[in-house]
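One file, work00.pdb, carrying PDB, N, CA and C atoms:
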ATOM      1  N   MET A 291       1.740  15.877  -4.743  1.00  0.00           N
ATOM      2  CA  MET A 291       1.645  14.733  -5.625  1.00  0.00           C
ATOM      3  C   MET A 291       0.299  14.737  -6.331  1.00  0.00           C
ATOM      4  N   ASN A 292       0.306  14.250  -7.502  1.00  0.00           N
ATOM      5  CA  ASN A 292      -0.887  14.178  -8.307  1.00  0.00           C
ATOM      6  C   ASN A 292      -1.748  12.992  -7.874  1.00  0.00           C
ATOM      7  N   LYS A 293      -3.064  13.141  -7.978  1.00  0.00           N
ATOM      8  CA  LYS A 293      -3.971  12.074  -7.555  1.00  0.00           C
ATOM      9  C   LYS A 293      -3.770  10.814  -8.390  1.00  0.00           C
ATOM     10  N   THR A 294      -3.504  10.976  -9.674  1.00  0.00           N
ATOM     11  CA  THR A 294      -3.297   9.809 -10.530  1.00  0.00           C
ATOM     12  C   THR A 294      -2.030   9.063 -10.146  1.00  0.00           C
ATOM     13  N   LEU A 295      -1.002   9.794  -9.737  1.00  0.00           N
ATOM     14  CA  LEU A 295       0.232   9.146  -9.300  1.00  0.00           C
ATOM     15  C   LEU A 295      -0.003   8.321  -8.038  1.00  0.00           C
ATOM     16  N   ILE A 296      -0.792   8.856  -7.119  1.00  0.00           N
ATOM     17  CA  ILE A 296      -1.091   8.130  -5.889  1.00  0.00           C
ATOM     18  C   ILE A 296      -1.875   6.861  -6.204  1.00  0.00           C
ATOM     19  N   ILE A 297      -2.830   6.953  -7.123  1.00  0.00           N
ATOM     20  CA  ILE A 297      -3.605   5.774  -7.498  1.00  0.00           C
ATOM     21  C   ILE A 297      -2.720   4.734  -8.173  1.00  0.00           C
ATOM     22  N   ILE A 298      -1.796   5.175  -9.005  1.00  0.00           N
ATOM     23  CA  ILE A 298      -0.856   4.246  -9.654  1.00  0.00           C
ATOM     24  C   ILE A 298       0.009   3.552  -8.607  1.00  0.00           C
ATOM     25  N   LEU A 299       0.485   4.309  -7.617  1.00  0.00           N
ATOM     26  CA  LEU A 299       1.304   3.706  -6.558  1.00  0.00           C
ATOM     27  C   LEU A 299       0.504   2.699  -5.737  1.00  0.00           C
ATOM     28  N   ILE A 300      -0.770   2.988  -5.489  1.00  0.00           N
ATOM     29  CA  ILE A 300      -1.618   2.043  -4.763  1.00  0.00           C
ATOM     30  C   ILE A 300      -1.808   0.768  -5.588  1.00  0.00           C
ATOM     31  N   LEU A 301      -1.993   0.913  -6.893  1.00  0.00           N
ATOM     32  CA  LEU A 301      -2.146  -0.261  -7.752  1.00  0.00           C
ATOM     33  C   LEU A 301      -0.870  -1.101  -7.795  1.00  0.00           C
ATOM     34  N   ILE A 302       0.282  -0.438  -7.801  1.00  0.00           N
ATOM     35  CA  ILE A 302       1.560  -1.170  -7.767  1.00  0.00           C
ATOM     36  C   ILE A 302       1.688  -1.939  -6.455  1.00  0.00           C
ATOM     37  N   ALA A 303       1.297  -1.303  -5.348  1.00  0.00           N
ATOM     38  CA  ALA A 303       1.355  -1.976  -4.053  1.00  0.00           C
ATOM     39  C   ALA A 303       0.413  -3.176  -4.021  1.00  0.00           C
ATOM     40  N   LEU A 304      -0.768  -3.033  -4.607  1.00  0.00           N
ATOM     41  CA  LEU A 304      -1.695  -4.166  -4.683  1.00  0.00           C
ATOM     42  C   LEU A 304      -1.115  -5.295  -5.531  1.00  0.00           C
ATOM     43  N   GLY A 305      -0.432  -4.945  -6.594  1.00  0.00           N
ATOM     44  CA  GLY A 305       0.238  -5.953  -7.421  1.00  0.00           C
ATOM     45  C   GLY A 305       1.322  -6.684  -6.654  1.00  0.00           C
ATOM     46  N   LEU A 306       2.079  -5.939  -5.851  1.00  0.00           N
ATOM     47  CA  LEU A 306       3.115  -6.573  -5.029  1.00  0.00           C
ATOM     48  C   LEU A 306       2.507  -7.508  -3.992  1.00  0.00           C
ATOM     49  N   ILE A 307       1.363  -7.120  -3.443  1.00  0.00           N
ATOM     50  CA  ILE A 307       0.683  -7.994  -2.489  1.00  0.00           C
ATOM     51  C   ILE A 307       0.270  -9.289  -3.180  1.00  0.00           C
ATOM     52  N   ALA A 308      -0.314  -9.171  -4.366  1.00  0.00           N
ATOM     53  CA  ALA A 308      -0.752 -10.357  -5.103  1.00  0.00           C
ATOM     54  C   ALA A 308       0.433 -11.264  -5.430  1.00  0.00           C
ATOM     55  N   TYR A 309       1.544 -10.678  -5.827  1.00  0.00           N
ATOM     56  CA  TYR A 309       2.730 -11.472  -6.145  1.00  0.00           C
ATOM     57  C   TYR A 309       3.274 -12.176  -4.909  1.00  0.00           C
ATOM     58  N   ASN A 310       3.343 -11.452  -3.795  1.00  0.00           N
ATOM     59  CA  ASN A 310       3.893 -12.041  -2.579  1.00  0.00           C
ATOM     60  C   ASN A 310       2.986 -13.123  -2.000  1.00  0.00           C
ATOM     61  N   VAL A 311       1.686 -13.011  -2.211  1.00  0.00           N
ATOM     62  CA  VAL A 311       0.780 -14.061  -1.739  1.00  0.00           C
ATOM     63  C   VAL A 311       1.077 -15.377  -2.460  1.00  0.00           C
ATOM     64  N   THR A 312       1.470 -15.284  -3.724  1.00  0.00           N
ATOM     65  CA  THR A 312       1.793 -16.508  -4.461  1.00  0.00           C
ATOM     66  C   THR A 312       3.079 -17.154  -3.955  1.00  0.00           C
ATOM     67  N   LEU A 313       3.938 -16.393  -3.296  1.00  0.00           N
ATOM     68  CA  LEU A 313       5.208 -16.930  -2.799  1.00  0.00           C
ATOM     69  C   LEU A 313       5.100 -17.568  -1.412  1.00  0.00           C
ATOM     70  N   VAL A 314       3.999 -17.296  -0.717  1.00  0.00           N
ATOM     71  CA  VAL A 314       3.857 -17.795   0.649  1.00  0.00           C
ATOM     72  C   VAL A 314       3.508 -19.280   0.609  1.00  0.00           C
ATOM     73  N   ASN A 315       4.264 -20.058   1.379  1.00  0.00           N
ATOM     74  CA  ASN A 315       3.956 -21.467   1.586  1.00  0.00           C
ATOM     75  C   ASN A 315       3.047 -21.540   2.805  1.00  0.00           C
ATOM     76  N   PHE A 316       1.768 -21.820   2.583  1.00  0.00           N
ATOM     77  CA  PHE A 316       0.796 -21.757   3.674  1.00  0.00           C
ATOM     78  C   PHE A 316       0.915 -22.922   4.654  1.00  0.00           C
ATOM     79  N   GLU A 317       1.692 -23.946   4.311  1.00  0.00           N
ATOM     80  CA  GLU A 317       1.944 -25.042   5.252  1.00  0.00           C
ATOM     81  C   GLU A 317       2.991 -24.643   6.284  1.00  0.00           C
ATOM     82  N   ALA A 318       3.928 -23.788   5.888  1.00  0.00           N
ATOM     83  CA  ALA A 318       4.958 -23.289   6.809  1.00  0.00           C
ATOM     84  C   ALA A 318       5.208 -21.813   6.488  1.00  0.00           C
ATOM     85  N   PRO A 319       4.298 -20.927   6.930  1.00  0.00           N
ATOM     86  CA  PRO A 319       4.403 -19.527   6.514  1.00  0.00           C
ATOM     87  C   PRO A 319       5.560 -18.748   7.147  1.00  0.00           C
ATOM     88  N   PHE A 320       6.163 -19.263   8.203  1.00  0.00           N
ATOM     89  CA  PHE A 320       7.244 -18.532   8.869  1.00  0.00           C
ATOM     90  C   PHE A 320       8.608 -19.174   8.654  1.00  0.00           C
ATOM     91  N   GLN A 321       8.773 -19.875   7.561  1.00  0.00           N
ATOM     92  CA  GLN A 321      10.052 -20.509   7.260  1.00  0.00           C
ATOM     93  C   GLN A 321      10.495 -20.150   5.849  1.00  0.00           C
ATOM     94  N   GLY A 322      11.760 -19.864   5.701  1.00  0.00           N
ATOM     95  CA  GLY A 322      12.351 -19.625   4.393  1.00  0.00           C
ATOM     96  C   GLY A 322      11.837 -18.382   3.696  1.00  0.00           C
ATOM     97  N   ASP A 323      11.555 -18.549   2.396  1.00  0.00           N
ATOM     98  CA  ASP A 323      11.116 -17.411   1.576  1.00  0.00           C
ATOM     99  C   ASP A 323       9.715 -16.934   1.940  1.00  0.00           C
ATOM    100  N   SER A 324       8.940 -17.760   2.632  1.00  0.00           N
ATOM    101  CA  SER A 324       7.599 -17.343   3.035  1.00  0.00           C
ATOM    102  C   SER A 324       7.655 -16.165   3.995  1.00  0.00           C
ATOM    103  N   THR A 325       8.656 -16.127   4.851  1.00  0.00           N
ATOM    104  CA  THR A 325       8.810 -15.018   5.784  1.00  0.00           C
ATOM    105  C   THR A 325       9.057 -13.714   5.031  1.00  0.00           C
ATOM    106  N   ILE A 326       9.900 -13.777   4.018  1.00  0.00           N
ATOM    107  CA  ILE A 326      10.200 -12.592   3.219  1.00  0.00           C
ATOM    108  C   ILE A 326       8.948 -12.132   2.471  1.00  0.00           C
ATOM    109  N   ALA A 327       8.167 -13.083   1.974  1.00  0.00           N
ATOM    110  CA  ALA A 327       6.929 -12.732   1.278  1.00  0.00           C
ATOM    111  C   ALA A 327       5.931 -12.083   2.237  1.00  0.00           C
ATOM    112  N   LEU A 328       5.847 -12.583   3.462  1.00  0.00           N
ATOM    113  CA  LEU A 328       4.944 -11.981   4.447  1.00  0.00           C
ATOM    114  C   LEU A 328       5.379 -10.566   4.797  1.00  0.00           C
ATOM    115  N   ILE A 329       6.674 -10.348   4.914  1.00  0.00           N
ATOM    116  CA  ILE A 329       7.185  -9.004   5.177  1.00  0.00           C
ATOM    117  C   ILE A 329       6.846  -8.079   4.008  1.00  0.00           C
ATOM    118  N   GLY A 330       6.951  -8.587   2.787  1.00  0.00           N
ATOM    119  CA  GLY A 330       6.585  -7.790   1.612  1.00  0.00           C
ATOM    120  C   GLY A 330       5.114  -7.431   1.592  1.00  0.00           C
ATOM    121  N   ILE A 331       4.260  -8.359   2.018  1.00  0.00           N
ATOM    122  CA  ILE A 331       2.828  -8.091   2.083  1.00  0.00           C
ATOM    123  C   ILE A 331       2.539  -7.001   3.106  1.00  0.00           C
ATOM    124  N   ILE A 332       3.153  -7.123   4.280  1.00  0.00           N
ATOM    125  CA  ILE A 332       2.933  -6.125   5.331  1.00  0.00           C
ATOM    126  C   ILE A 332       3.454  -4.754   4.899  1.00  0.00           C
ATOM    127  N   ALA A 333       4.610  -4.727   4.247  1.00  0.00           N
ATOM    128  CA  ALA A 333       5.170  -3.456   3.783  1.00  0.00           C
ATOM    129  C   ALA A 333       4.268  -2.800   2.733  1.00  0.00           C
ATOM    130  N   SER A 334       3.717  -3.600   1.843  1.00  0.00           N
ATOM    131  CA  SER A 334       2.818  -3.054   0.831  1.00  0.00           C
ATOM    132  C   SER A 334       1.531  -2.524   1.457  1.00  0.00           C
ATOM    133  N   LEU A 335       1.018  -3.220   2.451  1.00  0.00           N
ATOM    134  CA  LEU A 335      -0.169  -2.738   3.153  1.00  0.00           C
ATOM    135  C   LEU A 335       0.111  -1.418   3.864  1.00  0.00           C
ATOM    136  N   CYS A 336       1.287  -1.302   4.456  1.00  0.00           N
ATOM    137  CA  CYS A 336       1.678  -0.045   5.111  1.00  0.00           C
ATOM    138  C   CYS A 336       1.774   1.094   4.094  1.00  0.00           C
ATOM    139  N   ALA A 337       2.323   0.797   2.926  1.00  0.00           N
ATOM    140  CA  ALA A 337       2.428   1.819   1.884  1.00  0.00           C
ATOM    141  C   ALA A 337       1.048   2.290   1.444  1.00  0.00           C
ATOM    142  N   ILE A 338       0.106   1.361   1.310  1.00  0.00           N
ATOM    143  CA  ILE A 338      -1.249   1.735   0.917  1.00  0.00           C
ATOM    144  C   ILE A 338      -1.887   2.618   1.981  1.00  0.00           C
ATOM    145  N   VAL A 339      -1.729   2.249   3.241  1.00  0.00           N
ATOM    146  CA  VAL A 339      -2.299   3.053   4.330  1.00  0.00           C
ATOM    147  C   VAL A 339      -1.702   4.454   4.333  1.00  0.00           C
ATOM    148  N   LEU A 340      -0.395   4.555   4.161  1.00  0.00           N
ATOM    149  CA  LEU A 340       0.254   5.868   4.141  1.00  0.00           C
ATOM    150  C   LEU A 340      -0.231   6.719   2.964  1.00  0.00           C
ATOM    151  N   LEU A 341      -0.400   6.108   1.804  1.00  0.00           N
ATOM    152  CA  LEU A 341      -0.891   6.855   0.648  1.00  0.00           C
ATOM    153  C   LEU A 341      -2.332   7.318   0.860  1.00  0.00           C
ATOM    154  N   LEU A 342      -3.155   6.489   1.479  1.00  0.00           N
ATOM    155  CA  LEU A 342      -4.530   6.902   1.763  1.00  0.00           C
ATOM    156  C   LEU A 342      -4.572   8.034   2.790  1.00  0.00           C
ATOM    157  N   ILE A 343      -3.700   7.978   3.784  1.00  0.00           N
ATOM    158  CA  ILE A 343      -3.611   9.071   4.755  1.00  0.00           C
ATOM    159  C   ILE A 343      -3.164  10.354   4.056  1.00  0.00           C
ATOM    160  N   PHE A 344      -2.218  10.239   3.136  1.00  0.00           N
ATOM    161  CA  PHE A 344      -1.736  11.397   2.393  1.00  0.00           C
ATOM    162  C   PHE A 344      -2.851  12.011   1.552  1.00  0.00           C
ATOM    163  N   MET A 345      -3.639  11.154   0.879  1.00  0.00           N
ATOM    164  CA  MET A 345      -4.761  11.662   0.088  1.00  0.00           C
ATOM    165  C   MET A 345      -5.777  12.392   0.967  1.00  0.00           C
ATOM    166  N   THR A 346      -6.059  11.830   2.132  1.00  0.00           N
ATOM    167  CA  THR A 346      -7.007  12.453   3.050  1.00  0.00           C
ATOM    168  C   THR A 346      -6.490  13.788   3.557  1.00  0.00           C
ATOM    169  N   SER A 347      -5.210  13.857   3.869  1.00  0.00           N
ATOM    170  CA  SER A 347      -4.645  15.113   4.351  1.00  0.00           C
ATOM    171  C   SER A 347      -4.658  16.185   3.265  1.00  0.00           C
ATOM    172  N   LYS A 348      -4.466  15.783   2.011  1.00  0.00           N
ATOM    173  CA  LYS A 348      -4.543  16.748   0.911  1.00  0.00           C
ATOM    174  C   LYS A 348      -5.963  17.287   0.757  1.00  0.00           C
ATOM    175  N   LYS A 349      -6.978  16.411   0.920  1.00  0.00           N
ATOM    176  CA  LYS A 349      -8.368  16.865   0.845  1.00  0.00           C
ATOM    177  C   LYS A 349      -8.680  17.847   1.968  1.00  0.00           C
ATOM    178  N   ILE A 350      -8.206  17.563   3.172  1.00  0.00           N
ATOM    179  CA  ILE A 350      -8.425  18.456   4.308  1.00  0.00           C
ATOM    180  C   ILE A 350      -7.730  19.785   4.073  1.00  0.00           C
ATOM    181  N   ASP A 351      -6.512  19.743   3.578  1.00  0.00           N
ATOM    182  CA  ASP A 351      -5.758  20.969   3.283  1.00  0.00           C
ATOM    183  C   ASP A 351      -6.477  21.825   2.244  1.00  0.00           C
ATOM    184  N   LYS A 352      -7.038  21.173   1.228  1.00  0.00           N
ATOM    185  CA  LYS A 352      -7.767  21.911   0.202  1.00  0.00           C
ATOM    186  C   LYS A 352      -9.015  22.577   0.768  1.00  0.00           C
ATOM    187  N   LYS A 353      -9.735  21.886   1.655  1.00  0.00           N
ATOM    188  CA  LYS A 353     -10.931  22.463   2.271  1.00  0.00           C
ATOM    189  C   LYS A 353     -10.579  23.643   3.173  1.00  0.00           C
ATOM    190  N   ILE A 354      -9.463  23.542   3.877  1.00  0.00           N
ATOM    191  CA  ILE A 354      -9.027  24.635   4.754  1.00  0.00           C
ATOM    192  C   ILE A 354      -8.628  25.853   3.926  1.00  0.00           C
ATOM    193  N   LYS A 355      -7.948  25.648   2.815  1.00  0.00           N
ATOM    194  CA  LYS A 355      -7.525  26.776   1.976  1.00  0.00           C
ATOM    195  C   LYS A 355      -8.705  27.439   1.279  1.00  0.00           C
ATOM    196  N   ASP A 356      -9.764  26.660   0.983  1.00  0.00           N
ATOM    197  CA  ASP A 356     -10.950  27.243   0.334  1.00  0.00           C
ATOM    198  C   ASP A 356     -11.719  28.156   1.258  1.00  0.00           C
ATOM    199  N   ASN A 357     -11.647  27.893   2.560  1.00  0.00           N
ATOM    200  CA  ASN A 357     -12.402  28.716   3.524  1.00  0.00           C
ATOM    201  C   ASN A 357     -11.631  29.901   3.923  1.00  0.00           C
TER     202      ASN A 357
END

Here is a file; write its structure as structure tokens.
Amino acid sequence: MNKTLIIILILIALGLIAYNVTLVNFEAPFQGDSTIALIGIIASLCAIVLLLIFMTSKKIDKKIKDN
């Protein structure tokens, strides 16, 4: 994967987090649509972590191939 594509995907995930935060009812965060929004936030955070791990593994792979 291209580095720019990974950065674009991270930005999309950040956008989804921002959108889902607006949907959360902070008075009752575990009821109704707030639960779905919280799941969306957690899923987006997981996607960001996975993409960062992927970027790190690509950097390590490149260093190993250079040596």

Item checked: Picked residues, the PyMOL selection byres ((chain A and resi 325-329) around 8), expected as a ChimeraX atom specification -> /A:309-315,318-324,330-335

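Separating atom CA of A:Ala337 from atom C of A:Asp351 is a distance of 21.9 Å.
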
Note to self: I'd like the interatomic distance between atom N of A:Lys353 and atom C of A:Leu299, to a tenth of an Å.
What the structure shows: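 Value for the atom N of A:Lys353-atom C of A:Leu299 distance: 23.0 Å.
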
Next item on the list: DSSP on the backbone, then: every residue of chain A marked helix (DSSP H, G or I), written as number ranges by chain.
Entry: A: 293-313, 323-356

Next item on the list: Give the answer as one residue: which of A:Asn357, A:Lys352, A:Ser347, A:Cys336 has the shortest atom-to-atom distance to A:Leu304, using only C-alpha atoms?
Entry: A:Cys336

Item checked: Atom-to-atom span, atom N of A:Asn292 and atom CA of A:Ile350, Å ->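 A separation of 15.3 Å between them.
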